[in-house]
Structures are given as C-alpha cells and as structure tokens.
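Source file entry20.pdb; content: PDB, C-alpha atoms (C1' of nucleotides).
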ATOM      1  CA  MET A   9     -67.338 -61.339-107.434
ATOM      2  CA  LYS A  10     -66.314 -58.995-104.662
ATOM      3  CA  ILE A  11     -68.063 -55.693-104.090
ATOM      4  CA  ALA A  12     -66.823 -52.990-101.768
ATOM      5  CA  THR A  13     -67.546 -49.568-100.344
ATOM      6  CA  TRP A  14     -64.997 -47.011 -99.198
ATOM      7  CA  ASN A  15     -65.463 -43.425 -98.114
ATOM      8  CA  VAL A  16     -62.088 -42.063 -99.200
ATOM      9  CA  ASN A  17     -62.491 -38.547 -97.757
ATOM     10  CA  SER A  18     -60.973 -36.832-100.815
ATOM     11  CA  LEU A  19     -60.008 -38.933-103.810
ATOM     12  CA  LYS A  20     -57.308 -36.406-104.644
ATOM     13  CA  VAL A  21     -55.551 -37.151-101.372
ATOM     14  CA  ARG A  22     -56.407 -40.851-101.315
ATOM     15  CA  LEU A  23     -55.619 -41.711-104.948
ATOM     16  CA  PRO A  24     -52.379 -43.568-104.028
ATOM     17  CA  GLN A  25     -54.220 -45.579-101.386
ATOM     18  CA  LEU A  26     -56.982 -46.519-103.833
ATOM     19  CA  LEU A  27     -54.432 -47.619-106.427
ATOM     20  CA  GLN A  28     -52.568 -49.656-103.827
ATOM     21  CA  TRP A  29     -55.733 -51.292-102.522
ATOM     22  CA  TRP A  30     -56.913 -52.058-106.067
ATOM     23  CA  ALA A  31     -53.534 -53.563-106.948
ATOM     24  CA  ASP A  32     -53.831 -55.788-103.880
ATOM     25  CA  GLY A  33     -56.968 -57.096-105.575
ATOM     26  CA  PRO A  34     -59.620 -57.198-102.869
ATOM     27  CA  ALA A  35     -62.620 -56.179-105.008
ATOM     28  CA  ASP A  36     -64.143 -56.155-108.495
ATOM     29  CA  VAL A  37     -66.424 -53.216-107.855
ATOM     30  CA  VAL A  38     -65.680 -50.389-105.440
ATOM     31  CA  CYS A  39     -68.151 -47.680-104.482
ATOM     32  CA  LEU A  40     -66.385 -44.507-103.398
ATOM     33  CA  GLN A  41     -67.798 -41.630-101.381
ATOM     34  CA  GLU A  42     -66.583 -38.140-100.556
ATOM     35  CA  THR A  43     -64.475 -37.884-103.682
ATOM     36  CA  LYS A  44     -64.660 -34.073-103.266
ATOM     37  CA  LEU A  45     -63.831 -33.541-106.930
ATOM     38  CA  GLU A  46     -65.566 -31.823-109.767
ATOM     39  CA  ASP A  47     -66.082 -34.217-112.669
ATOM     40  CA  ALA A  48     -63.561 -32.265-114.750
ATOM     41  CA  ASN A  49     -60.892 -33.125-112.171
ATOM     42  CA  PHE A  50     -61.786 -36.787-111.702
ATOM     43  CA  PRO A  51     -58.629 -38.885-112.275
ATOM     44  CA  ALA A  52     -60.339 -41.057-114.890
ATOM     45  CA  ALA A  53     -57.198 -41.600-116.978
ATOM     46  CA  VAL A  54     -55.096 -42.721-114.014
ATOM     47  CA  LEU A  55     -57.762 -45.147-112.878
ATOM     48  CA  ALA A  56     -58.288 -46.470-116.410
ATOM     49  CA  GLU A  57     -54.549 -47.048-116.618
ATOM     50  CA  ALA A  58     -54.870 -49.204-113.495
ATOM     51  CA  GLY A  59     -57.594 -51.268-115.151
ATOM     52  CA  MET A  60     -60.693 -49.623-113.761
ATOM     53  CA  GLN A  61     -63.881 -48.762-115.567
ATOM     54  CA  VAL A  62     -65.251 -45.655-113.895
ATOM     55  CA  ALA A  63     -68.464 -43.737-113.368
ATOM     56  CA  PHE A  64     -68.563 -40.626-111.236
ATOM     57  CA  SER A  65     -70.740 -37.770-110.062
ATOM     58  CA  GLY A  66     -68.932 -35.091-108.139
ATOM     59  CA  GLN A  67     -68.796 -31.496-107.047
ATOM     60  CA  LYS A  68     -66.241 -29.135-105.614
ATOM     61  CA  THR A  69     -65.172 -29.502-101.954
ATOM     62  CA  TYR A  70     -67.994 -31.699-100.642
ATOM     63  CA  ASN A  71     -69.695 -35.032-101.295
ATOM     64  CA  GLY A  72     -69.127 -36.795-104.600
ATOM     65  CA  VAL A  73     -69.598 -40.474-105.437
ATOM     66  CA  ALA A  74     -67.957 -42.835-107.912
ATOM     67  CA  ILE A  75     -68.037 -46.477-108.937
ATOM     68  CA  VAL A  76     -64.939 -48.259-110.215
ATOM     69  CA  SER A  77     -65.159 -51.726-111.722
ATOM     70  CA  ARG A  78     -63.123 -54.384-113.484
ATOM     71  CA  HIS A  79     -66.086 -54.932-115.792
ATOM     72  CA  ALA A  80     -67.890 -52.415-117.937
ATOM     73  CA  LEU A  81     -70.460 -50.171-116.270
ATOM     74  CA  HIS A  82     -73.852 -49.817-117.925
ATOM     75  CA  GLU A  83     -76.972 -47.714-117.393
ATOM     76  CA  VAL A  84     -75.240 -45.138-115.239
ATOM     77  CA  GLN A  85     -77.625 -42.935-113.313
ATOM     78  CA  ALA A  86     -76.817 -40.105-110.905
ATOM     79  CA  GLY A  87     -79.108 -38.877-108.146
ATOM     80  CA  ILE A  88     -82.477 -40.029-106.873
ATOM     81  CA  PRO A  89     -85.152 -39.500-109.533
ATOM     82  CA  ASP A  90     -87.806 -36.956-108.529
ATOM     83  CA  PHE A  91     -85.615 -35.700-105.689
ATOM     84  CA  PRO A  92     -83.864 -32.557-106.929
ATOM     85  CA  ASP A  93     -80.598 -32.238-105.056
ATOM     86  CA  GLU A  94     -77.513 -30.111-105.621
ATOM     87  CA  GLN A  95     -75.463 -32.516-103.526
ATOM     88  CA  LYS A  96     -73.854 -35.405-105.376
ATOM     89  CA  ARG A  97     -74.677 -38.356-103.174
ATOM     90  CA  LEU A  98     -75.954 -41.216-105.293
ATOM     91  CA  LEU A  99     -74.779 -43.075-108.365
ATOM     92  CA  ALA A 100     -76.087 -46.312-109.848
ATOM     93  CA  ALA A 101     -74.673 -48.553-112.543
ATOM     94  CA  THR A 102     -74.847 -52.150-113.698
ATOM     95  CA  SER A 103     -71.683 -54.256-113.605
ATOM     96  CA  ASN A 104     -71.489 -57.904-114.542
ATOM     97  CA  GLY A 105     -75.251 -58.275-114.300
ATOM     98  CA  VAL A 106     -75.475 -56.708-110.854
ATOM     99  CA  ARG A 107     -77.202 -53.402-110.255
ATOM    100  CA  VAL A 108     -74.959 -51.380-107.958
ATOM    101  CA  ILE A 109     -76.073 -48.291-106.048
ATOM    102  CA  CYS A 110     -73.338 -46.179-104.482
ATOM    103  CA  LEU A 111     -74.575 -43.750-101.880
ATOM    104  CA  TYR A 112     -73.392 -41.147 -99.439
ATOM    105  CA  VAL A 113     -76.173 -40.436 -96.971
ATOM    106  CA  PRO A 114     -76.136 -36.932 -95.435
ATOM    107  CA  ASN A 115     -74.492 -36.678 -92.031
ATOM    108  CA  GLY A 116     -77.184 -34.541 -90.425
ATOM    109  CA  GLN A 117     -74.796 -32.650 -88.130
ATOM    110  CA  SER A 118     -77.118 -32.520 -85.086
ATOM    111  CA  LEU A 119     -80.702 -33.420 -84.268
ATOM    112  CA  ASP A 120     -81.817 -29.774 -84.232
ATOM    113  CA  SER A 121     -80.155 -28.905 -87.520
ATOM    114  CA  ASP A 122     -81.793 -28.286 -90.893
ATOM    115  CA  LYS A 123     -79.223 -30.765 -92.169
ATOM    116  CA  TYR A 124     -80.863 -33.461 -90.052
ATOM    117  CA  GLN A 125     -84.231 -32.725 -91.662
ATOM    118  CA  TYR A 126     -82.527 -32.931 -95.057
ATOM    119  CA  LYS A 127     -81.040 -36.283 -94.057
ATOM    120  CA  LEU A 128     -84.452 -37.688 -93.139
ATOM    121  CA  ALA A 129     -86.031 -36.337 -96.321
ATOM    122  CA  TRP A 130     -83.188 -37.827 -98.350
ATOM    123  CA  LEU A 131     -83.705 -41.229 -96.723
ATOM    124  CA  THR A 132     -87.449 -41.069 -97.345
ATOM    125  CA  ALA A 133     -86.848 -40.321-101.022
ATOM    126  CA  LEU A 134     -84.304 -43.143-101.212
ATOM    127  CA  ARG A 135     -86.724 -45.705 -99.821
ATOM    128  CA  THR A 136     -89.553 -44.582-102.072
ATOM    129  CA  TRP A 137     -87.359 -44.905-105.135
ATOM    130  CA  LEU A 138     -85.852 -48.234-104.028
ATOM    131  CA  ALA A 139     -89.225 -49.914-103.773
ATOM    132  CA  ASP A 140     -89.422 -49.582-107.560
ATOM    133  CA  GLU A 141     -85.783 -50.434-108.165
ATOM    134  CA  LEU A 142     -86.129 -53.698-106.264
ATOM    135  CA  LYS A 143     -88.862 -54.733-108.676
ATOM    136  CA  ARG A 144     -86.779 -53.761-111.695
ATOM    137  CA  HIS A 145     -83.505 -55.379-110.584
ATOM    138  CA  GLU A 146     -83.546 -58.737-108.859
ATOM    139  CA  ARG A 147     -79.774 -58.644-108.360
ATOM    140  CA  LEU A 148     -79.475 -55.292-106.630
ATOM    141  CA  CYS A 149     -77.040 -54.045-104.026
ATOM    142  CA  MET A 150     -76.591 -50.770-102.245
ATOM    143  CA  LEU A 151     -73.212 -49.830-100.850
ATOM    144  CA  GLY A 152     -72.025 -46.741 -99.133
ATOM    145  CA  ASP A 153     -71.581 -44.483 -96.182
ATOM    146  CA  PHE A 154     -75.051 -44.582 -94.631
ATOM    147  CA  ASN A 155     -74.093 -42.334 -91.733
ATOM    148  CA  ILE A 156     -76.245 -44.588 -89.555
ATOM    149  CA  ALA A 157     -75.016 -47.004 -86.894
ATOM    150  CA  PRO A 158     -77.919 -49.482 -87.063
ATOM    151  CA  GLU A 159     -77.669 -50.874 -83.534
ATOM    152  CA  ASP A 160     -75.908 -50.155 -80.263
ATOM    153  CA  ARG A 161     -73.391 -52.910 -80.975
ATOM    154  CA  ASP A 162     -72.266 -50.790 -83.940
ATOM    155  CA  VAL A 163     -71.196 -47.997 -81.575
ATOM    156  CA  HIS A 164     -68.067 -48.073 -79.404
ATOM    157  CA  ASP A 165     -69.798 -46.266 -76.537
ATOM    158  CA  PRO A 166     -73.582 -46.153 -77.019
ATOM    159  CA  ALA A 167     -74.145 -44.084 -73.872
ATOM    160  CA  ALA A 168     -71.797 -41.380 -75.110
ATOM    161  CA  TRP A 169     -73.657 -41.172 -78.426
ATOM    162  CA  VAL A 170     -77.202 -40.812 -77.073
ATOM    163  CA  GLY A 171     -78.839 -37.726 -78.541
ATOM    164  CA  GLN A 172     -76.455 -37.460 -81.461
ATOM    165  CA  VAL A 173     -76.868 -38.017 -85.158
ATOM    166  CA  LEU A 174     -75.990 -41.423 -86.654
ATOM    167  CA  VAL A 175     -77.757 -43.253 -83.820
ATOM    168  CA  SER A 176     -81.131 -41.479 -83.486
ATOM    169  CA  ASP A 177     -84.370 -43.461 -83.522
ATOM    170  CA  ALA A 178     -85.555 -41.843 -86.755
ATOM    171  CA  GLU A 179     -82.334 -42.702 -88.580
ATOM    172  CA  ARG A 180     -82.334 -46.258 -87.302
ATOM    173  CA  ALA A 181     -85.991 -46.605 -88.300
ATOM    174  CA  HIS A 182     -85.008 -45.687 -91.852
ATOM    175  CA  PHE A 183     -82.314 -48.352 -91.820
ATOM    176  CA  ARG A 184     -84.751 -50.942 -90.492
ATOM    177  CA  GLY A 185     -87.161 -49.819 -93.199
ATOM    178  CA  LEU A 186     -84.620 -50.869 -95.795
ATOM    179  CA  LEU A 187     -84.290 -54.267 -94.130
ATOM    180  CA  ASP A 188     -88.080 -54.545 -94.027
ATOM    181  CA  MET A 189     -88.097 -54.111 -97.812
ATOM    182  CA  GLY A 190     -86.046 -57.289 -98.039
ATOM    183  CA  PHE A 191     -82.505 -55.935 -98.037
ATOM    184  CA  LYS A 192     -79.970 -57.844 -95.970
ATOM    185  CA  ASP A 193     -77.097 -56.210 -94.102
ATOM    186  CA  ALA A 194     -74.303 -58.302 -95.623
ATOM    187  CA  PHE A 195     -72.040 -57.862 -92.620
ATOM    188  CA  ARG A 196     -74.636 -59.342 -90.277
ATOM    189  CA  LEU A 197     -75.212 -62.420 -92.429
ATOM    190  CA  PHE A 198     -72.110 -63.821 -90.747
ATOM    191  CA  GLU A 199     -70.647 -64.148 -87.301
ATOM    192  CA  GLN A 200     -68.413 -61.141 -86.704
ATOM    193  CA  PRO A 201     -65.967 -59.990 -84.064
ATOM    194  CA  GLU A 202     -67.415 -57.772 -81.353
ATOM    195  CA  LYS A 203     -66.706 -54.073 -81.724
ATOM    196  CA  SER A 204     -66.403 -54.179 -85.505
ATOM    197  CA  PHE A 205     -66.352 -50.668 -86.948
ATOM    198  CA  SER A 206     -65.790 -49.024 -90.331
ATOM    199  CA  TRP A 207     -65.021 -45.456 -89.187
ATOM    200  CA  TRP A 208     -62.798 -44.066 -86.463
ATOM    201  CA  ASP A 209     -62.376 -40.418 -85.506
ATOM    202  CA  TYR A 210     -59.064 -38.931 -86.535
ATOM    203  CA  ARG A 211     -58.950 -37.323 -83.098
ATOM    204  CA  ALA A 212     -58.265 -39.012 -79.804
ATOM    205  CA  ALA A 213     -56.252 -41.807 -81.388
ATOM    206  CA  GLY A 214     -59.642 -43.244 -82.266
ATOM    207  CA  PHE A 215     -58.362 -46.048 -84.440
ATOM    208  CA  ARG A 216     -55.675 -47.248 -82.066
ATOM    209  CA  ARG A 217     -58.213 -47.341 -79.232
ATOM    210  CA  ASN A 218     -60.949 -48.745 -81.516
ATOM    211  CA  LEU A 219     -63.311 -45.883 -80.725
ATOM    212  CA  GLY A 220     -65.371 -46.318 -83.850
ATOM    213  CA  LEU A 221     -68.742 -46.731 -85.492
ATOM    214  CA  ARG A 222     -70.069 -49.122 -88.108
ATOM    215  CA  ILE A 223     -71.731 -46.745 -90.555
ATOM    216  CA  ASP A 224     -70.533 -48.066 -93.933
ATOM    217  CA  HIS A 225     -72.794 -50.814 -95.159
ATOM    218  CA  ILE A 226     -73.509 -53.252 -97.953
ATOM    219  CA  LEU A 227     -77.192 -54.069 -98.370
ATOM    220  CA  LEU A 228     -78.178 -56.921-100.666
ATOM    221  CA  SER A 229     -81.455 -57.777-102.375
ATOM    222  CA  PRO A 230     -82.792 -61.213-101.408
ATOM    223  CA  ALA A 231     -81.464 -62.802-104.604
ATOM    224  CA  LEU A 232     -77.965 -61.431-104.031
ATOM    225  CA  ALA A 233     -78.007 -62.171-100.306
ATOM    226  CA  ALA A 234     -78.559 -65.808-101.174
ATOM    227  CA  THR A 235     -75.240 -65.780-103.050
ATOM    228  CA  CYS A 236     -73.224 -63.925-100.396
ATOM    229  CA  THR A 237     -70.468 -66.069 -98.896
ATOM    230  CA  ALA A 238     -68.550 -63.512 -96.831
ATOM    231  CA  CYS A 239     -68.478 -59.908 -95.664
ATOM    232  CA  ILE A 240     -65.500 -58.325 -93.951
ATOM    233  CA  ILE A 241     -64.196 -54.950 -92.877
ATOM    234  CA  ASP A 242     -60.696 -54.521 -94.286
ATOM    235  CA  LYS A 243     -58.850 -52.509 -91.680
ATOM    236  CA  ALA A 244     -55.531 -52.574 -93.525
ATOM    237  CA  PRO A 245     -55.904 -49.237 -95.376
ATOM    238  CA  ARG A 246     -56.794 -47.496 -92.092
ATOM    239  CA  LYS A 247     -53.269 -48.360 -90.902
ATOM    240  CA  TRP A 248     -51.536 -46.883 -93.937
ATOM    241  CA  GLU A 249     -49.933 -43.461 -94.141
ATOM    242  CA  ARG A 250     -52.398 -40.599 -94.400
ATOM    243  CA  PRO A 251     -55.509 -42.796 -94.200
ATOM    244  CA  SER A 252     -59.142 -41.960 -94.747
ATOM    245  CA  ASP A 253     -61.100 -41.998 -91.502
ATOM    246  CA  HIS A 254     -63.202 -44.795 -93.070
ATOM    247  CA  THR A 255     -61.950 -48.212 -94.122
ATOM    248  CA  PRO A 256     -63.363 -50.485 -96.860
ATOM    249  CA  VAL A 257     -66.132 -53.030 -96.351
ATOM    250  CA  VAL A 258     -66.072 -55.962 -98.783
ATOM    251  CA  ALA A 259     -68.698 -58.593 -99.615
ATOM    252  CA  THR A 260     -68.099 -61.746-101.638
ATOM    253  CA  LEU A 261     -70.824 -62.959-103.969
ATOM    254  CA  ALA A 262     -70.716 -66.423-105.507
ATOM    255  CA  ALA A 263     -71.083 -66.414-109.295
TER
ATOM    256  C1'  DA B 137     -59.037 -36.272 -66.710
ATOM    257  C1'  DT B 138     -59.203 -33.693 -70.800
ATOM    258  C1'  DG B 139     -58.854 -33.328 -75.481
ATOM    259  C1'  DG B 140     -56.665 -34.729 -79.004
ATOM    260  C1'  DC B 141     -57.865 -34.502 -86.656
ATOM    261  C1'  DC B 142     -58.214 -33.844 -91.430
ATOM    262  C1'  DT B 143     -59.734 -31.571 -95.922
ATOM    263  C1'  DC B 144     -60.941 -27.687 -98.582
ATOM    264  C1'  DG B 145     -60.814 -23.014-100.171
ATOM    265  C1'  DG B 146     -58.157 -19.633 -99.821
ATOM    266  C1'  DT B 147     -55.144 -17.501 -97.410
ATOM    267  C1'  DT B 148     -52.834 -18.658 -92.131
ATOM    268  C1'  DC B 149     -58.991 -19.467 -90.225
ATOM    269  C1'  DG B 150     -63.766 -21.258 -90.616
ATOM    270  C1'  DA B 151     -66.806 -24.835 -92.094
ATOM    271  C1'  DG B 152     -67.856 -29.522 -92.247
ATOM    272  C1'  DG B 153     -67.332 -34.082 -91.200
ATOM    273  C1'  DA B 154     -68.915 -38.151 -87.688
TER
END

Go through the file and emit its structure as structure tokens.
Amino acid sequence: MKIATWNVNSLKVRLPQLLQWWADGPADVVCLQETKLEDANFPAAVLAEAGMQVAFSGQKTYNGVAIVSRHALHEVQAGIPDFPDEQKRLLAATSNGVRVICLYVPNGQSLDSDKYQYKLAWLTALRTWLADELKRHERLCMLGDFNIAPEDRDVHDPAAWVGQVLVSDAERAHFRGLLDMGFKDAFRLFEQPEKSFSWWDYRAAGFRRNLGLRIDHILLSPALAATCTACIIDKAPRKWERPSDHTPVVATLAA
DNA sequence: ATGGCCTCGGTTCGAGGA
C-alpha cells in the first residue's frame, strides 16, 4: 500500500496533473492540500470516473483538504475536535484498515504575526487530539503540508531562513513533540540524498536551482512505521507544465 | 548582484502563500 501527500495549490488548476499522476499509479491513498474549492465545486464525479473514492473539506479561495483512495473511505471526520476553526485544514478517514489524517498546517506568515500565534495554537490542539487518536488507532498515519522544515538539512540555505517562519524553534519543537509521541518521519527512516526538498519557490527559478524546503511530511505510528519499506519525494510532477510549487511525497507500507 | 511566481476574486491590483 502506498500513501502520499501533495499540496496541489488549487485543485481546479491542478486537476489534470492529479489525474495524470494517479494514472501513473504511484499511490493508493493521496492526501491533498490547498484544494481552494468549496465542497459544491469539488470535482467528485471526475475523480470517481478515474477510480478514486473521495472525501473532502473545502472553502472558497484558501485552504481545503481532501483524501482520494482506491479503497473505500470510512469514518470521515473534518477538523480538530474541540478546536473551532473556520479554516478547512484537517480531514481524517480510514482506508484499508489504516487511519489517515490529511492536514494543512497554517503557514504563520511571520514570527510577529497573529497568524503565527494561530499556527502555534493549531499545532498545540493537533498534538492534544493526537494523543487520544494514537490510542484509538494503532495503524495511524498523518500526511500533509506541515509548513515546518524540521531540521537545517531540510532547508536549502539555513542561514538565509533564520528568523523566518517554517524554521523557528517553536515550530520545530512542535514537530519534535510529534516524534516524541512515537510518530516516525517516514522520509528519515531511510538513507536519502542530501538537499531533498518537497517545495520550491516559483520565483528565482527555485526548482531548477534546488532552492527548496522539506515541509511536506508523512508521519507514521509505531505499528505502521514497522511496515514502512520506502519513502521518496517524487519530483516528476514538479517538472510538468503548470506545476504546483509542492511535489508529492510517497511512502510504501508492506501489507 | 538583484530579483525573479502563482492563484484567487474580481476586475487589471492586493492578499496570501512559503
């Protein structure tokens, strides 16, 4: 079973790329972020036609998350319980016996912004809720755009990023907190090339020059981590016409 | 060396992203 995460930066724009990537067959479950679509406009019929089961939670213009799967999706839940939030950033569902959480962590904008405080509050609520979820679901995974580069090696130029969001101590402490709960960063279970990133700025020819960040992650519960045989960043879609600024991350789980 | 894009809503620019 392959599970993946991909911030598509508008599903309306990226629908052809998603269909192409799905047809190429690299995943059984894909968590999508930044769909930027109200639920009424979600292309459910087109995706169903392509063989996808879908669950989605969206809003106009911003945010929006979805899960697409070859297998049926059960027990769909949107949002973090007890954390009222207008922004559609979290969706959970069970597929093939695996509990899948799709998330889009707030960006935070800058360290002195209210949006940064919202980001930290969101992460606190996430961790509080997850402590319970880990007890309820042994086979649990969390995939998404975390908007956190966990370590300096996940940043193309750490010195240039000092003092910015995505790399701050408080954000990284939240990420480590998830690892301390028992989650494993699937990508780091394996030897990886240096300067592996999942996002590159559209500006400055960022992709061509590999000026990127690794901010899209797959975290696995201990039981799932034990079954993980590979985790890769698939850079192919970032080279296609009109790409998202993020590219998919894919983990392989043995049956 | 510097700055360099893309998406959306809604008009032709501002906000937001990372």

- prompt: Once you count only C-alpha atoms (C1' of nucleotides), which residues of chain A turn out to be within 7 Å of chain B? Could you give them as a count of residues only?
  reply: 4

If we count only C-alpha atoms (C1' of nucleotides), what is near region 89-103 of chain A at a cut-off of 10 Å, once residues fewer than 2 positions away on the same chain are taken out, given as a PDB file with C-alpha atoms, in the frame of the given file?
ATOM      1  CA  ASP A  36     -64.143 -56.155-108.495  1.00  0.00           C
ATOM      2  CA  VAL A  37     -66.424 -53.216-107.855  1.00  0.00           C
ATOM      3  CA  CYS A  39     -68.151 -47.680-104.482  1.00  0.00           C
ATOM      4  CA  LEU A  40     -66.385 -44.507-103.398  1.00  0.00           C
ATOM      5  CA  GLN A  41     -67.798 -41.630-101.381  1.00  0.00           C
ATOM      6  CA  GLU A  42     -66.583 -38.140-100.556  1.00  0.00           C
ATOM      7  CA  THR A  43     -64.475 -37.884-103.682  1.00  0.00           C
ATOM      8  CA  LYS A  44     -64.660 -34.073-103.266  1.00  0.00           C
ATOM      9  CA  GLN A  61     -63.881 -48.762-115.567  1.00  0.00           C
ATOM     10  CA  VAL A  62     -65.251 -45.655-113.895  1.00  0.00           C
ATOM     11  CA  ALA A  63     -68.464 -43.737-113.368  1.00  0.00           C
ATOM     12  CA  PHE A  64     -68.563 -40.626-111.236  1.00  0.00           C
ATOM     13  CA  SER A  65     -70.740 -37.770-110.062  1.00  0.00           C
ATOM     14  CA  GLY A  66     -68.932 -35.091-108.139  1.00  0.00           C
ATOM     15  CA  GLN A  67     -68.796 -31.496-107.047  1.00  0.00           C
ATOM     16  CA  LYS A  68     -66.241 -29.135-105.614  1.00  0.00           C
ATOM     17  CA  TYR A  70     -67.994 -31.699-100.642  1.00  0.00           C
ATOM     18  CA  ASN A  71     -69.695 -35.032-101.295  1.00  0.00           C
ATOM     19  CA  GLY A  72     -69.127 -36.795-104.600  1.00  0.00           C
ATOM     20  CA  VAL A  73     -69.598 -40.474-105.437  1.00  0.00           C
ATOM     21  CA  ALA A  74     -67.957 -42.835-107.912  1.00  0.00           C
ATOM     22  CA  ILE A  75     -68.037 -46.477-108.937  1.00  0.00           C
ATOM     23  CA  VAL A  76     -64.939 -48.259-110.215  1.00  0.00           C
ATOM     24  CA  SER A  77     -65.159 -51.726-111.722  1.00  0.00           C
ATOM     25  CA  ARG A  78     -63.123 -54.384-113.484  1.00  0.00           C
ATOM     26  CA  HIS A  79     -66.086 -54.932-115.792  1.00  0.00           C
ATOM     27  CA  ALA A  80     -67.890 -52.415-117.937  1.00  0.00           C
ATOM     28  CA  LEU A  81     -70.460 -50.171-116.270  1.00  0.00           C
ATOM     29  CA  HIS A  82     -73.852 -49.817-117.925  1.00  0.00           C
ATOM     30  CA  GLU A  83     -76.972 -47.714-117.393  1.00  0.00           C
ATOM     31  CA  VAL A  84     -75.240 -45.138-115.239  1.00  0.00           C
ATOM     32  CA  GLN A  85     -77.625 -42.935-113.313  1.00  0.00           C
ATOM     33  CA  ALA A  86     -76.817 -40.105-110.905  1.00  0.00           C
ATOM     34  CA  GLY A  87     -79.108 -38.877-108.146  1.00  0.00           C
ATOM     35  CA  GLY A 105     -75.251 -58.275-114.300  1.00  0.00           C
ATOM     36  CA  VAL A 106     -75.475 -56.708-110.854  1.00  0.00           C
ATOM     37  CA  ARG A 107     -77.202 -53.402-110.255  1.00  0.00           C
ATOM     38  CA  VAL A 108     -74.959 -51.380-107.958  1.00  0.00           C
ATOM     39  CA  ILE A 109     -76.073 -48.291-106.048  1.00  0.00           C
ATOM     40  CA  CYS A 110     -73.338 -46.179-104.482  1.00  0.00           C
ATOM     41  CA  LEU A 111     -74.575 -43.750-101.880  1.00  0.00           C
ATOM     42  CA  TYR A 112     -73.392 -41.147 -99.439  1.00  0.00           C
ATOM     43  CA  VAL A 113     -76.173 -40.436 -96.971  1.00  0.00           C
ATOM     44  CA  PRO A 114     -76.136 -36.932 -95.435  1.00  0.00           C
ATOM     45  CA  ALA A 129     -86.031 -36.337 -96.321  1.00  0.00           C
ATOM     46  CA  TRP A 130     -83.188 -37.827 -98.350  1.00  0.00           C
ATOM     47  CA  ALA A 133     -86.848 -40.321-101.022  1.00  0.00           C
ATOM     48  CA  LEU A 134     -84.304 -43.143-101.212  1.00  0.00           C
ATOM     49  CA  TRP A 137     -87.359 -44.905-105.135  1.00  0.00           C
ATOM     50  CA  HIS A 145     -83.505 -55.379-110.584  1.00  0.00           C
ATOM     51  CA  ARG A 147     -79.774 -58.644-108.360  1.00  0.00           C
ATOM     52  CA  LEU A 148     -79.475 -55.292-106.630  1.00  0.00           C
ATOM     53  CA  CYS A 149     -77.040 -54.045-104.026  1.00  0.00           C
ATOM     54  CA  MET A 150     -76.591 -50.770-102.245  1.00  0.00           C
ATOM     55  CA  GLY A 152     -72.025 -46.741 -99.133  1.00  0.00           C
ATOM     56  CA  ASP A 153     -71.581 -44.483 -96.182  1.00  0.00           C
TER      57      ASP A 153
END

field: Between CA of Ile241 (chain A) and CA of Lys203 (chain A) - distance in Å to one decimal
entry: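 According to the coordinates, CA of Lys203 (chain A) and CA of Ile241 (chain A) are separated by 11.5 Å.
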
Once the PyMOL selection byres ((chain A and resi 24-30) around 8) is applied to the coordinates I shared, what remains selected? I want it as an mmCIF file with C-alpha atoms, in the frame of the given file.
data_model
loop_
_atom_site.group_PDB
_atom_site.id
_atom_site.type_symbol
_atom_site.label_atom_id
_atom_site.label_comp_id
_atom_site.auth_asym_id
_atom_site.auth_seq_id
_atom_site.Cartn_x
_atom_site.Cartn_y
_atom_site.Cartn_z
ATOM 1 C CA VAL A 21 -55.551 -37.151 -101.372
ATOM 2 C CA ARG A 22 -56.407 -40.851 -101.315
ATOM 3 C CA LEU A 23 -55.619 -41.711 -104.948
ATOM 4 C CA ALA A 31 -53.534 -53.563 -106.948
ATOM 5 C CA ASP A 32 -53.831 -55.788 -103.880
ATOM 6 C CA GLY A 33 -56.968 -57.096 -105.575
ATOM 7 C CA PRO A 34 -59.620 -57.198 -102.869
ATOM 8 C CA ALA A 35 -62.620 -56.179 -105.008
ATOM 9 C CA LEU A 55 -57.762 -45.147 -112.878
ATOM 10 C CA ALA A 58 -54.870 -49.204 -113.495
ATOM 11 C CA PRO A 245 -55.904 -49.237 -95.376
ATOM 12 C CA PRO A 251 -55.509 -42.796 -94.200
#

Ser229 (chain A) surroundings by all atoms listed in the file, 8 Å radius, close-in-sequence under 3 positions cut, as a list in words: Leu142, Glu146, Arg147, Leu148, Cys149, Gly190, Phe191, Lys192, Leu232 and Ala233 of chain A

message: Give me the residues near Cys236 (chain A) as number ranges by chain, where near means some atom within 9 Å (using all atoms listed in the file) and where sequence neighbours in that chain fewer than 5 positions away do not count.
response: A: 194, 197, 228, 259-262

query: Which distance in Å separates CA of Asn17 (chain A) and CA of Leu219 (chain A), to one decimal?
result: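 These two atoms are separated by 18.6 Å.
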
Care to translate the PyMOL selection byres ((chain A and resi 164-172) around 12) into actual residues of this file, as a CSV table (one decimal) with C-alpha atoms (C1' of nucleotides), keeping the file's coordinate frame?
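Saved to expr.csv:
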chain,number,residue,atom,x,y,z
A,115,ASN,CA,-74.5,-36.7,-92.0
A,116,GLY,CA,-77.2,-34.5,-90.4
A,117,GLN,CA,-74.8,-32.6,-88.1
A,118,SER,CA,-77.1,-32.5,-85.1
A,119,LEU,CA,-80.7,-33.4,-84.3
A,120,ASP,CA,-81.8,-29.8,-84.2
A,121,SER,CA,-80.2,-28.9,-87.5
A,124,TYR,CA,-80.9,-33.5,-90.1
A,155,ASN,CA,-74.1,-42.3,-91.7
A,156,ILE,CA,-76.2,-44.6,-89.6
A,157,ALA,CA,-75.0,-47.0,-86.9
A,158,PRO,CA,-77.9,-49.5,-87.1
A,159,GLU,CA,-77.7,-50.9,-83.5
A,160,ASP,CA,-75.9,-50.2,-80.3
A,161,ARG,CA,-73.4,-52.9,-81.0
A,162,ASP,CA,-72.3,-50.8,-83.9
A,163,VAL,CA,-71.2,-48.0,-81.6
A,173,VAL,CA,-76.9,-38.0,-85.2
A,174,LEU,CA,-76.0,-41.4,-86.7
A,175,VAL,CA,-77.8,-43.3,-83.8
A,176,SER,CA,-81.1,-41.5,-83.5
A,177,ASP,CA,-84.4,-43.5,-83.5
A,178,ALA,CA,-85.6,-41.8,-86.8
A,179,GLU,CA,-82.3,-42.7,-88.6
A,202,GLU,CA,-67.4,-57.8,-81.4
A,203,LYS,CA,-66.7,-54.1,-81.7
A,204,SER,CA,-66.4,-54.2,-85.5
A,205,PHE,CA,-66.4,-50.7,-86.9
A,206,SER,CA,-65.8,-49.0,-90.3
A,207,TRP,CA,-65.0,-45.5,-89.2
A,208,TRP,CA,-62.8,-44.1,-86.5
A,209,ASP,CA,-62.4,-40.4,-85.5
A,214,GLY,CA,-59.6,-43.2,-82.3
A,215,PHE,CA,-58.4,-46.0,-84.4
A,217,ARG,CA,-58.2,-47.3,-79.2
A,218,ASN,CA,-60.9,-48.7,-81.5
A,219,LEU,CA,-63.3,-45.9,-80.7
A,220,GLY,CA,-65.4,-46.3,-83.8
A,221,LEU,CA,-68.7,-46.7,-85.5
A,222,ARG,CA,-70.1,-49.1,-88.1
A,223,ILE,CA,-71.7,-46.7,-90.6
B,154,DA,C1',-68.9,-38.2,-87.7

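Note that the spacing between CA of Gly185 (chain A) and CA of Met9 (chain A) amounts to 27.0 Å.
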